[in-house]
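Visitor: Dropping in data.cif, with mmCIF, C-alpha atoms.
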data_input
#
loop_
_atom_site.label_atom_id
_atom_site.label_comp_id
_atom_site.auth_asym_id
_atom_site.auth_seq_id
_atom_site.Cartn_x
_atom_site.Cartn_y
_atom_site.Cartn_z
CA MET H 27 89.41 90.40 97.66
CA TRP H 28 92.86 89.43 96.42
CA LYS H 29 91.37 88.10 93.18
CA THR H 30 90.45 91.70 92.50
CA SER H 31 93.22 93.67 94.20
CA THR H 32 96.26 93.26 96.43
CA GLY H 33 97.13 96.96 96.42
CA GLN H 34 99.51 96.43 93.52
CA GLY H 35 101.25 99.57 92.29
CA VAL H 36 100.34 101.63 95.37
CA THR H 37 102.98 103.04 97.72
CA VAL H 38 102.01 103.40 101.38
CA ALA H 39 104.38 105.55 103.44
CA VAL H 40 104.64 104.41 107.06
CA ILE H 41 105.88 107.05 109.51
CA ASP H 42 107.09 105.27 112.62
CA GLY H 43 109.98 104.68 115.01
CA GLY H 44 112.09 102.33 112.87
CA PHE H 45 111.74 99.14 110.87
CA ARG H 46 113.16 95.64 110.68
CA LEU H 47 113.87 95.61 106.97
CA ASP H 48 114.80 91.93 106.82
CA HIS H 49 111.68 90.49 108.42
CA PRO H 50 110.77 87.37 106.35
CA ASP H 51 107.26 88.66 105.65
CA LEU H 52 108.55 92.05 104.51
CA VAL H 53 111.61 91.27 102.40
CA GLY H 54 111.04 92.94 99.04
CA GLN H 55 108.20 95.08 100.38
CA PHE H 56 110.25 98.09 101.48
CA LEU H 57 111.28 100.89 99.17
CA PRO H 58 114.37 102.94 100.06
CA GLY H 59 113.28 105.02 103.02
CA LYS H 60 114.63 107.92 105.03
CA ASP H 61 115.53 108.61 108.64
CA PHE H 62 114.29 111.89 110.14
CA SER H 63 114.86 110.87 113.77
CA GLY H 64 118.39 112.15 114.26
CA SER H 65 119.25 108.92 116.08
CA PRO H 66 122.10 106.67 114.91
CA GLY H 67 121.60 103.59 112.79
CA GLY H 68 119.28 104.70 110.02
CA VAL H 69 115.76 103.70 109.02
CA GLY H 70 116.49 100.00 109.57
CA THR H 71 117.10 100.35 113.32
CA PHE H 72 114.39 100.36 115.95
CA GLY H 73 113.74 100.62 119.66
CA ASP H 74 110.49 98.69 119.44
CA GLY H 75 108.62 96.63 116.88
CA HIS H 76 105.85 99.10 116.16
CA GLY H 77 106.90 100.20 112.68
CA THR H 78 107.51 96.61 111.64
CA GLU H 79 104.07 95.58 112.88
CA MET H 80 102.31 98.37 110.99
CA SER H 81 104.20 97.48 107.81
CA SER H 82 103.26 93.82 108.29
CA LEU H 83 99.56 94.63 108.68
CA ILE H 84 99.63 96.67 105.49
CA ALA H 85 101.83 94.64 103.15
CA GLY H 86 103.04 91.42 104.80
CA THR H 87 103.51 88.62 102.28
CA GLY H 88 103.27 85.59 104.57
CA LYS H 89 106.65 84.29 103.44
CA GLY H 90 107.88 83.61 106.96
CA VAL H 91 107.60 80.26 108.77
CA GLY H 92 107.88 78.29 105.56
CA GLY H 93 105.31 80.36 103.72
CA THR H 94 102.70 80.41 106.48
CA GLY H 95 103.61 83.73 108.05
CA ALA H 96 101.47 86.81 108.51
CA TYR H 97 99.76 88.33 105.51
CA GLY H 98 99.00 92.01 105.35
CA LEU H 99 95.72 93.22 103.94
CA ALA H 100 97.41 94.68 100.83
CA PRO H 101 100.41 92.40 100.10
CA GLY H 102 100.84 93.88 96.63
CA ALA H 103 101.51 97.37 97.99
CA LYS H 104 104.97 98.72 98.72
CA ILE H 105 106.04 100.35 101.98
CA LEU H 106 108.02 103.59 102.10
CA PRO H 107 109.60 103.43 105.60
CA LEU H 108 110.13 106.83 107.22
CA LYS H 109 111.71 106.86 110.65
CA ILE H 110 111.00 109.46 113.32
CA ASN H 111 111.89 109.67 116.99
CA ASN H 112 108.74 108.50 118.76
CA GLY H 113 110.53 108.19 122.07
CA SER H 114 111.38 104.50 121.73
CA VAL H 115 115.05 105.49 121.62
CA GLY H 116 116.27 108.53 123.55
CA ALA H 117 114.33 111.53 124.79
CA LEU H 118 111.23 112.82 123.01
CA VAL H 119 110.63 116.52 122.44
CA SER H 120 107.15 117.50 121.31
CA ALA H 121 108.37 120.08 118.80
CA ASP H 122 110.82 117.61 117.28
CA PHE H 123 108.17 114.89 117.08
CA LEU H 124 105.70 117.06 115.17
CA ASP H 125 108.45 118.56 113.01
CA GLN H 126 109.78 115.13 112.04
CA ILE H 127 106.30 113.99 111.10
CA GLY H 128 105.95 117.08 108.92
CA GLN H 129 109.28 116.43 107.21
CA ALA H 130 108.32 112.81 106.64
CA VAL H 131 104.94 113.78 105.15
CA ASN H 132 106.61 116.21 102.73
CA TYR H 133 109.10 113.55 101.71
CA ALA H 134 106.38 110.92 101.20
CA VAL H 135 104.43 113.29 98.95
CA ASP H 136 107.54 114.06 96.91
CA GLN H 137 108.23 110.32 96.54
CA GLY H 138 104.79 109.66 95.10
CA ALA H 139 103.17 107.86 98.04
CA LYS H 140 99.40 107.64 97.61
CA VAL H 141 98.69 106.81 101.25
CA ILE H 142 100.55 107.94 104.37
CA ASN H 143 100.03 105.94 107.56
CA ILE H 144 100.81 107.68 110.86
CA SER H 145 100.05 105.28 113.70
CA GLN H 146 101.60 107.74 116.13
CA GLY H 147 100.37 110.57 118.27
CA ILE H 148 101.17 113.00 121.02
CA ALA H 149 98.68 114.53 123.43
CA ALA H 150 97.42 117.88 122.20
CA VAL H 151 98.02 119.46 125.60
CA THR H 152 101.77 118.88 125.23
CA ALA H 153 102.07 120.58 121.84
CA MET H 154 102.80 124.22 121.16
CA PRO H 155 100.20 125.87 118.88
CA SER H 156 102.86 127.09 116.46
CA ASP H 157 104.21 123.54 116.00
CA VAL H 158 100.70 122.17 115.48
CA ASP H 159 99.83 124.90 112.97
CA LYS H 160 102.99 124.16 110.98
CA LEU H 161 102.14 120.45 110.80
CA ASP H 162 98.54 121.22 109.92
CA ARG H 163 99.67 123.33 106.96
CA ILE H 164 101.87 120.48 105.75
CA LEU H 165 98.99 118.02 106.06
CA ALA H 166 96.70 120.42 104.19
CA ALA H 167 99.27 120.66 101.40
CA ALA H 168 99.48 116.87 101.19
CA ARG H 169 95.71 116.66 100.99
CA SER H 170 95.65 119.31 98.23
CA LYS H 171 98.15 117.20 96.25
CA GLY H 172 95.87 114.17 96.36
CA VAL H 173 97.55 112.17 99.12
CA LEU H 174 95.45 110.35 101.70
CA VAL H 175 96.86 110.69 105.24
CA VAL H 176 95.55 108.16 107.78
CA SER H 177 96.25 108.40 111.51
CA SER H 178 95.28 106.61 114.70
CA VAL H 179 93.19 108.61 117.17
CA GLY H 180 94.85 107.15 120.28
CA ASN H 181 94.12 104.76 123.14
CA LYS H 182 93.43 107.10 126.04
CA ALA H 183 89.62 106.99 126.15
CA GLN H 184 89.71 105.63 129.70
CA SER H 185 92.31 108.09 130.95
CA GLY H 186 91.01 111.49 129.95
CA ASN H 187 90.28 110.91 126.26
CA LEU H 188 92.86 113.60 125.49
CA MET H 189 92.97 114.44 121.83
CA SER H 190 96.28 113.63 120.18
CA TYR H 191 98.04 114.93 117.08
CA PRO H 192 98.17 114.31 114.20
CA GLY H 193 95.04 112.12 114.57
CA GLY H 194 92.98 115.07 115.78
CA LEU H 195 93.86 117.40 112.90
CA PRO H 196 91.36 118.13 110.14
CA ASN H 197 93.48 116.99 107.17
CA VAL H 198 93.87 113.39 108.26
CA VAL H 199 91.55 110.40 108.42
CA GLY H 200 91.23 109.64 112.13
CA VAL H 201 90.73 105.93 112.85
CA GLY H 202 89.29 104.23 115.93
CA ALA H 203 89.38 100.54 116.88
CA ILE H 204 86.80 97.76 117.10
CA ASP H 205 87.05 94.17 118.32
CA ARG H 206 85.95 90.96 116.61
CA GLN H 207 82.34 91.51 117.67
CA GLY H 208 82.35 94.92 116.01
CA THR H 209 82.29 96.73 119.34
CA VAL H 210 84.33 99.91 119.65
CA THR H 211 87.09 99.06 122.11
CA ALA H 212 87.08 100.75 125.49
CA GLU H 213 90.53 102.28 124.91
CA SER H 214 89.72 103.82 121.51
CA GLU H 215 89.44 107.59 121.81
CA THR H 216 86.34 109.44 120.72
CA GLY H 217 85.51 112.79 119.20
CA PRO H 218 84.46 114.61 116.03
CA HIS H 219 87.80 113.70 114.42
CA VAL H 220 87.02 109.96 114.27
CA ALA H 221 86.23 109.20 110.62
CA LEU H 222 86.37 105.41 110.42
CA ALA H 223 86.96 102.34 112.55
CA ALA H 224 88.80 99.08 111.85
CA PRO H 225 89.91 95.99 113.78
CA GLY H 226 92.20 96.93 116.65
CA ASP H 227 92.03 94.04 119.08
CA GLU H 228 93.68 90.59 119.06
CA ILE H 229 95.69 91.60 116.01
CA LEU H 230 98.47 89.28 114.84
CA ALA H 231 101.37 90.58 112.78
CA GLY H 232 105.05 90.27 112.03
CA CYS H 233 107.21 92.03 114.60
CA THR H 234 110.73 92.15 116.04
CA SER H 235 110.34 89.61 118.85
CA GLU H 236 112.38 86.40 118.96
CA THR H 237 109.49 84.49 117.38
CA GLU H 238 109.00 87.26 114.77
CA TYR H 239 105.23 87.37 115.40
CA CYS H 240 103.22 89.32 117.98
CA LYS H 241 99.69 89.90 119.15
CA SER H 242 98.68 93.48 119.81
CA HIS H 243 95.77 95.90 120.10
CA GLY H 244 95.11 99.58 119.59
CA THR H 245 94.08 102.24 117.12
CA SER H 246 97.53 101.99 115.51
CA ASP H 247 96.59 98.61 114.08
CA ALA H 248 93.21 99.94 112.99
CA ALA H 249 94.82 102.85 111.13
CA ALA H 250 97.17 100.49 109.31
CA LEU H 251 94.23 98.40 108.12
CA VAL H 252 92.42 101.49 106.85
CA SER H 253 95.57 102.51 104.96
CA ALA H 254 95.74 99.03 103.44
CA SER H 255 92.05 99.20 102.51
CA ALA H 256 92.68 102.46 100.67
CA ALA H 257 95.55 100.79 98.79
CA LEU H 258 93.28 97.93 97.72
CA VAL H 259 90.71 100.32 96.28
CA TRP H 260 93.22 102.67 94.68
CA ALA H 261 94.99 99.81 92.90
CA VAL H 262 91.79 99.07 90.99
CA HIS H 263 90.62 102.65 90.45
CA LYS H 264 93.89 104.33 89.54
CA ASP H 265 92.16 107.42 88.18
CA TRP H 266 90.29 108.14 91.40
CA THR H 267 91.43 110.92 93.70
CA ALA H 268 92.07 110.57 97.41
CA ASN H 269 88.66 112.17 98.02
CA GLN H 270 86.94 109.51 95.94
CA VAL H 271 88.80 106.62 97.54
CA LEU H 272 87.95 107.92 100.99
CA ARG H 273 84.33 108.60 100.05
CA VAL H 274 83.89 105.00 98.90
CA LEU H 275 85.45 103.69 102.12
CA ILE H 276 83.03 105.86 104.08
CA ASN H 277 79.98 105.00 101.97
CA THR H 278 80.62 101.26 102.22
CA ALA H 279 81.50 101.21 105.93
CA GLY H 280 79.50 99.14 108.41
CA ARG H 281 77.38 101.74 110.17
CA PRO H 282 77.17 102.05 113.96
CA ASN H 283 74.16 100.04 115.16
CA GLY H 284 72.92 99.87 111.58
CA GLY H 285 72.23 103.61 111.50
CA ASP H 286 73.03 106.13 108.79
CA LYS H 287 74.86 108.79 110.81
CA ARG H 288 78.42 109.08 112.08
CA THR H 289 79.15 108.78 115.77
CA ASP H 290 82.03 110.11 117.82
CA ASP H 291 83.31 106.65 118.72
CA ALA H 292 83.07 104.82 115.38
CA GLY H 293 82.93 107.68 112.89
CA TRP H 294 81.06 106.57 109.77
CA GLY H 295 81.61 102.93 110.70
CA ALA H 296 83.89 99.96 110.19
CA VAL H 297 85.89 99.92 106.99
CA ARG H 298 84.79 97.08 104.67
CA PRO H 299 87.29 96.74 101.82
CA ARG H 300 85.50 93.74 100.33
CA VAL H 301 82.33 95.76 99.86
CA ALA H 302 84.33 98.77 98.65
CA LEU H 303 85.83 96.58 95.92
CA THR H 304 82.71 94.68 94.88
CA ASP H 305 80.09 97.40 95.22
CA PRO H 306 81.83 100.79 95.51
CA GLY H 307 78.92 102.88 94.27
CA ASP H 308 79.38 106.47 93.12
CA PRO H 309 82.78 107.82 94.18
CA GLY H 310 81.44 111.37 93.96
CA PRO H 311 83.25 114.53 92.92
CA ALA H 312 87.01 114.27 92.55
CA GLY H 313 87.80 117.62 94.13
CA VAL H 314 85.50 117.57 97.16
CA SER H 315 86.59 115.93 100.41
CA PRO H 316 84.01 113.85 102.29
CA LEU H 317 85.54 115.06 105.56
CA PRO H 318 84.22 118.27 107.13
CA ALA H 319 86.85 120.96 106.62
CA ASP H 320 86.44 122.25 110.16
CA ALA H 321 85.82 118.96 111.99
CA VAL H 322 88.65 119.75 114.38
CA SER H 323 90.48 123.03 114.53
CA PRO H 324 93.95 123.15 116.12
CA SER H 325 93.08 126.48 117.70
CA ALA H 326 90.12 124.87 119.49
CA ALA H 327 92.23 122.20 121.19
CA PRO H 328 93.82 122.77 124.60
CA SER H 329 97.37 124.06 124.49
CA ALA H 330 100.17 123.68 126.98
CA SER H 331 101.99 126.44 128.74
CA ALA H 332 105.17 127.41 126.95
CA SER H 333 107.05 127.37 130.23
CA ALA H 334 105.91 123.97 131.47
CA PRO H 335 104.84 121.44 128.84
CA ALA H 336 102.85 118.50 130.16
CA PRO H 337 104.28 114.97 130.20
CA VAL H 338 104.20 113.07 126.95
CA SER H 339 101.50 110.45 126.51
CA SER H 340 102.72 106.87 126.44
CA ALA H 341 101.30 103.78 124.77
CA PRO H 342 99.08 101.66 127.04
CA SER H 343 100.24 98.21 128.01
CA ALA H 344 98.91 95.51 130.27
CA ALA H 345 102.42 95.00 131.61
CA GLY H 346 103.38 98.67 131.60
CA SER H 347 105.82 98.41 128.70
CA PRO H 348 105.95 96.68 125.32
CA THR H 349 107.04 93.05 125.30
CA ASP H 350 107.84 92.80 121.60
CA VAL H 351 111.03 94.85 121.75
CA ALA H 352 113.84 93.40 119.68
CA VAL H 353 116.43 91.38 121.58
CA GLY H 354 119.34 93.61 122.55
CA ALA H 355 117.41 96.84 121.94
CA PRO H 356 117.86 99.75 124.36
CA PRO H 357 115.39 99.97 127.27
CA VAL H 358 112.06 101.49 126.30
CA GLN H 359 111.87 105.19 127.18
CA PRO H 360 108.78 107.35 127.70
CA LYS H 361 107.41 107.89 124.23
CA ALA H 362 104.69 109.28 122.09
CA ASP H 363 101.46 107.32 121.95
CA SER H 364 102.03 104.70 119.30
CA SER H 365 98.29 104.03 119.62
CA SER H 366 98.98 100.34 119.84
CA GLY H 367 99.02 98.27 122.98
CA SER H 368 101.70 95.88 124.03
CA GLY H 369 102.50 92.95 121.78
CA SER H 370 102.79 89.40 123.07
CA SER H 371 105.37 87.23 121.35
CA LEU H 372 103.85 84.22 119.63
CA PRO H 373 105.58 80.84 119.75
CA ILE H 374 106.75 79.60 116.35
CA VAL H 375 104.25 76.94 115.37
CA ALA H 376 103.19 75.26 112.15
CA GLY H 377 101.70 78.53 110.99
CA VAL H 378 100.81 82.02 112.16
CA VAL H 379 97.31 83.38 111.80
CA ALA H 380 97.39 86.51 109.68
CA GLY H 381 96.13 89.77 111.12
CA LEU H 382 94.05 89.80 107.95
CA VAL H 383 91.74 87.18 109.45
CA LEU H 384 90.14 89.86 111.58
CA VAL H 385 89.53 92.16 108.64
CA ALA H 386 87.99 89.49 106.44
CA GLY H 387 85.07 89.21 108.86
CA VAL H 388 84.34 92.92 109.10
CA VAL H 389 81.14 92.81 107.08
CA PHE H 390 78.88 93.74 109.94
CA VAL H 391 77.74 96.95 111.51
CA VAL H 392 79.59 98.49 114.41
CA VAL H 393 78.26 98.01 117.90
CA ARG H 394 78.61 101.00 120.19
CA ARG H 395 81.36 101.13 122.79
CA ARG H 396 81.26 98.60 125.58
CA LYS H 397 81.16 99.97 129.12
CA SER H 398 83.51 97.47 130.71
CA ALA H 399 87.24 98.08 130.91
CA VAL H 400 89.71 96.46 128.57
CA GLN H 401 90.88 93.15 130.00
CA PRO H 402 94.61 92.56 130.48
CA GLU H 403 96.28 90.87 127.56
CA VAL H 404 97.20 87.23 128.06
CA ALA H 405 99.75 85.00 126.42
CA VAL H 406 98.77 83.62 123.05
CA PRO H 407 98.34 79.83 123.02
CA PRO H 408 99.99 77.92 120.18
CA VAL H 409 97.90 77.50 117.04
CA PRO H 410 97.11 73.78 116.77
CA PRO H 411 98.60 72.23 113.63
CA PRO H 412 97.91 71.68 110.87
CA TYR H 413 97.26 75.27 109.83
CA GLN H 414 96.32 76.23 106.30
CA PRO H 415 97.07 79.80 105.15
CA LEU H 416 94.12 81.82 103.90
CA VAL H 417 95.41 81.55 100.34
CA PRO H 418 97.68 78.58 99.63
CA PRO H 419 100.93 79.99 98.22
CA GLU H 420 100.83 77.77 95.17
CA ASP H 421 97.34 79.05 94.31
CA ASN H 422 98.05 82.68 95.12
CA PRO H 423 98.82 84.62 91.94
CA TYR H 424 100.38 87.37 94.03
CA ALA H 425 102.79 85.14 95.96
CA ARG H 426 106.43 86.04 95.44
#
If you took the structure in this file and wrote it as structure tokens, what would it be?

Guide:
Amino acid sequence: MWKTSTGQGVTVAVIDGGFRLDHPDLVGQFLPGKDFSGSPGGVGTFGDGHGTEMSSLIAGTGKGVGGTGAYGLAPGAKILPLKINNGSVGALVSADFLDQIGQAVNYAVDQGAKVINISQGIAAVTAMPSDVDKLDRILAAARSKGVLVVSSVGNKAQSGNLMSYPGGLPNVVGVGAIDRQGTVTAESETGPHVALAAPGDEILAGCTSETEYCKSHGTSDAAALVSASAALVWAVHKDWTANQVLRVLINTAGRPNGGDKRTDDAGWGAVRPRVALTDPGDPGPAGVSPLPADAVSPSAAPSASASAPAPVSSAPSAAGSPTDVAVGAPPVQPKADSSSGSGSSLPIVAGVVAGLVLVAGVVFVVVRRRKSAVQPEVAVPPVPPPYQPLVPPEDNPYAR
């Protein structure tokens, strides 16, 4: 794919809880960002490694560990880091969370971002309708200006399958997760808002742990890979609109069980950027969205009582809390669903397998959701040396 496109010239805004700007795989990949969180320290501070991981999956260059670090799917793209308070530092207020996302979306649009990745979410039952409607109008405006907004749908399928925002809103591309067999993961939420699926299990990426690399799972990772896929396509077809880029991703997706209809767990199927680049087909009308306008209406979702909002959803973890928190970071507080499970720190070895490895094999159809529960995450064994990166740096025309 990289012989055709690396996402060059495309800006992907990542709205998350902070970023490690000096991660070896991400040096030179960040544009000047902005902090909407109200917490001290600026966009380059973080309470967990989530924002760094999403940025790595999208645009990691593999420069770490002597040039054998983690590659993102679109290493030619640039990341616009936009920090919000997702509860990783300090208390989380639903209204503030949605408002900060809205501010960040407006800023990303003004800065010329083509794709906005929001691997974050808060349970719909905790959100006030007026706050949701305000965010929905902002998302609709972004969509009308030709920006593609991608969001995770959440990891609560086994604990109520409660819809979360912004992933459940009609003006975003809701993304679910699959494993390496193409099976929709048991934690990936379902519903009419799921548009696409992507790898979201056993994902390896740059992070903020002592080893600088982590293994994680969740629809957060899947959303990041869909955002990167859009960047790959858009870099080649610069005159296409967001509707056309999305339509091609949908039309070339691996269909659930080989069928031709969308399903509530996998949407229209697993994103296949290789096929989208080599055989995109007709992108369709520029001004018509392939997403149903009324797929999910905010007014149809459950709302919380104004006097007693429900507890905020938290990200699932085999150990109960993330393990890839930066050394010296404040204790993890209850937070919004980052839609990504806990990350396990990887030992520094001869090389680190890129999260991209999982995407490269997504050329098959999606298998429907497994019935068994997600197994607890285990420690990652060292990768036996010698390890060869997917594209040797000296032969990679996009290496920097």

Visitor: Mind pulling up the distance from atom CA of H:Glu79 to atom CA of H:Gly93?

Guide: 17.8 Å

Visitor: If you count all atoms listed in the file, which residues fall within 10 Å of stretch 190-193 of chain H, apart from same-chain ones fewer than 6 positions away, as a VMD selection string?

Guide: chain H and resid 124 127 to 128 144 to 153 158 161 to 162 165 175 to 182 199 to 202 215 219 to 220 249 322 324 327 339 362 to 363 365

Visitor: Which residues come within 10 Å of H:Gly68, counting only C-alpha atoms, excluding same-chain residues fewer than 2 positions away, as a list in words?

Guide: Gly44, Phe45, Gly59, Lys60, Asp61, Phe62, Ser63, Gly64, Ser65, Pro66, Gly70, Thr71, Phe72, Leu108 and Lys109 of chain H

Visitor: Between atom CA of H:Trp28 and atom CA of H:Val198, what distance in Å does the model show, to one decimal?

Guide: 26.7 Å

Visitor: Grab the atom CA of H:Asp136 to atom CA of H:Gln55 distance for me, in Å with one decimal place.

Guide: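 Atom CA of H:Asp136 sits 19.3 Å away from atom CA of H:Gln55.
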
Visitor: Near H:Pro58, counting all atoms listed in the file, which residues have an atom at most 9 Å away, once you skip same-chain residues fewer than 5 positions from it, shown as a list in words?

Guide: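 After dropping sequence-adjacent residues, the list is Ile105, Leu106 and Pro107 of chain H.
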
Visitor: Mind dumping the selected residues with C-alpha atoms as a short mmCIF file (atom, residue, chain, number, x, y, z; two decimals), in the frame of the given file?

Guide:
data_model
loop_
_atom_site.label_atom_id
_atom_site.label_comp_id
_atom_site.auth_asym_id
_atom_site.auth_seq_id
_atom_site.Cartn_x
_atom_site.Cartn_y
_atom_site.Cartn_z
CA ILE H 105 106.04 100.35 101.98
CA LEU H 106 108.02 103.59 102.10
CA PRO H 107 109.60 103.43 105.60
#

Visitor: Centre and edge lengths of an axis-aligned box around all listed atoms of stretch 103-106 of chain H, with 6 Å added on each side, are to be given in Å to one decimal, as lines of an AutoDock Vina configuration file.

Guide:
center_x = 104.8
center_y = 100.5
center_z = 100.0
size_x = 18.5
size_y = 18.2
size_z = 16.1

Visitor: Determine, counting all atoms listed in the file, which protein, DNA and RNA residues have an atom within 6 Å of an atom of stretch 81-88 of chain H; residues of the same chain fewer than 5 positions away are not included. Present the result as an NGL selection string.

Guide: :H and (51-52 or 93-101 or 103 or 231-232 or 250 or 254)

Visitor: Rank H:His76, H:Gly307, H:Gln129, H:Pro282 by their smallest atom-to-atom distance to H:Lys241, using only C-alpha atoms, and report the top residue only.

Guide: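 Answer, going by the shortest atom-to-atom distance: H:His76.
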
Visitor: Go through the shown structure with the PyMOL selection byres ((chain H and resi 204) around 6) and write out the matching residues as a count of residues only.

Guide: 9

Visitor: Apply the PyMOL selection byres ((chain H and resi 289-294) around 6) to the structure shown and report the selected residues as a ChimeraX atom specification.

Guide: /H:216-218,220-223,288,295

Visitor: If we count all atoms listed in the file, what is near H:Leu47 at a cut-off of 8 Å, once residues fewer than 6 positions away on the same chain are taken out, given as a PyMOL selection string?

Guide: chain H and resi 53+56+70+78

Visitor: Would you mind telling me which residue in H:Asn111, H:Asp48, H:Thr245, H:Ala168 lies nearest to H:Val131 when using only C-alpha atoms?

Guide: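 Checking each candidate against H:Val131, we get H:Ala168 as the closest.
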
Visitor: What do you get, as an NGL selection string, if you spell out every residue that the PyMOL selection byres ((chain H and resi 260-273) around 10) selects here?

Guide: :H and (30-37 or 100 or 102-103 or 140-141 or 169-175 or 199 or 221-222 or 252 or 254-259 or 274-279 or 302-303 or 306-317)

Visitor: Deliver the residues from the most recent selection as a file, using C-alpha atoms, as a short mmCIF file (atom, residue, chain, number, x, y, z; two decimals), in the frame of the given file.

Guide:
data_model
loop_
_atom_site.label_atom_id
_atom_site.label_comp_id
_atom_site.auth_asym_id
_atom_site.auth_seq_id
_atom_site.Cartn_x
_atom_site.Cartn_y
_atom_site.Cartn_z
CA THR H 30 90.45 91.70 92.50
CA SER H 31 93.22 93.67 94.20
CA THR H 32 96.26 93.26 96.43
CA GLY H 33 97.13 96.96 96.42
CA GLN H 34 99.51 96.43 93.52
CA GLY H 35 101.25 99.57 92.29
CA VAL H 36 100.34 101.63 95.37
CA THR H 37 102.98 103.04 97.72
CA ALA H 100 97.41 94.68 100.83
CA GLY H 102 100.84 93.88 96.63
CA ALA H 103 101.51 97.37 97.99
CA LYS H 140 99.40 107.64 97.61
CA VAL H 141 98.69 106.81 101.25
CA ARG H 169 95.71 116.66 100.99
CA SER H 170 95.65 119.31 98.23
CA LYS H 171 98.15 117.20 96.25
CA GLY H 172 95.87 114.17 96.36
CA VAL H 173 97.55 112.17 99.12
CA LEU H 174 95.45 110.35 101.70
CA VAL H 175 96.86 110.69 105.24
CA VAL H 199 91.55 110.40 108.42
CA ALA H 221 86.23 109.20 110.62
CA LEU H 222 86.37 105.41 110.42
CA VAL H 252 92.42 101.49 106.85
CA ALA H 254 95.74 99.03 103.44
CA SER H 255 92.05 99.20 102.51
CA ALA H 256 92.68 102.46 100.67
CA ALA H 257 95.55 100.79 98.79
CA LEU H 258 93.28 97.93 97.72
CA VAL H 259 90.71 100.32 96.28
CA VAL H 274 83.89 105.00 98.90
CA LEU H 275 85.45 103.69 102.12
CA ILE H 276 83.03 105.86 104.08
CA ASN H 277 79.98 105.00 101.97
CA THR H 278 80.62 101.26 102.22
CA ALA H 279 81.50 101.21 105.93
CA ALA H 302 84.33 98.77 98.65
CA LEU H 303 85.83 96.58 95.92
CA PRO H 306 81.83 100.79 95.51
CA GLY H 307 78.92 102.88 94.27
CA ASP H 308 79.38 106.47 93.12
CA PRO H 309 82.78 107.82 94.18
CA GLY H 310 81.44 111.37 93.96
CA PRO H 311 83.25 114.53 92.92
CA ALA H 312 87.01 114.27 92.55
CA GLY H 313 87.80 117.62 94.13
CA VAL H 314 85.50 117.57 97.16
CA SER H 315 86.59 115.93 100.41
CA PRO H 316 84.01 113.85 102.29
CA LEU H 317 85.54 115.06 105.56
#

Visitor: Considering all atoms listed in the file, can you say which of H:Gly194, H:Pro50, H:Gly73, H:Gly138 comes closest to H:Gly92?

Guide: H:Pro50
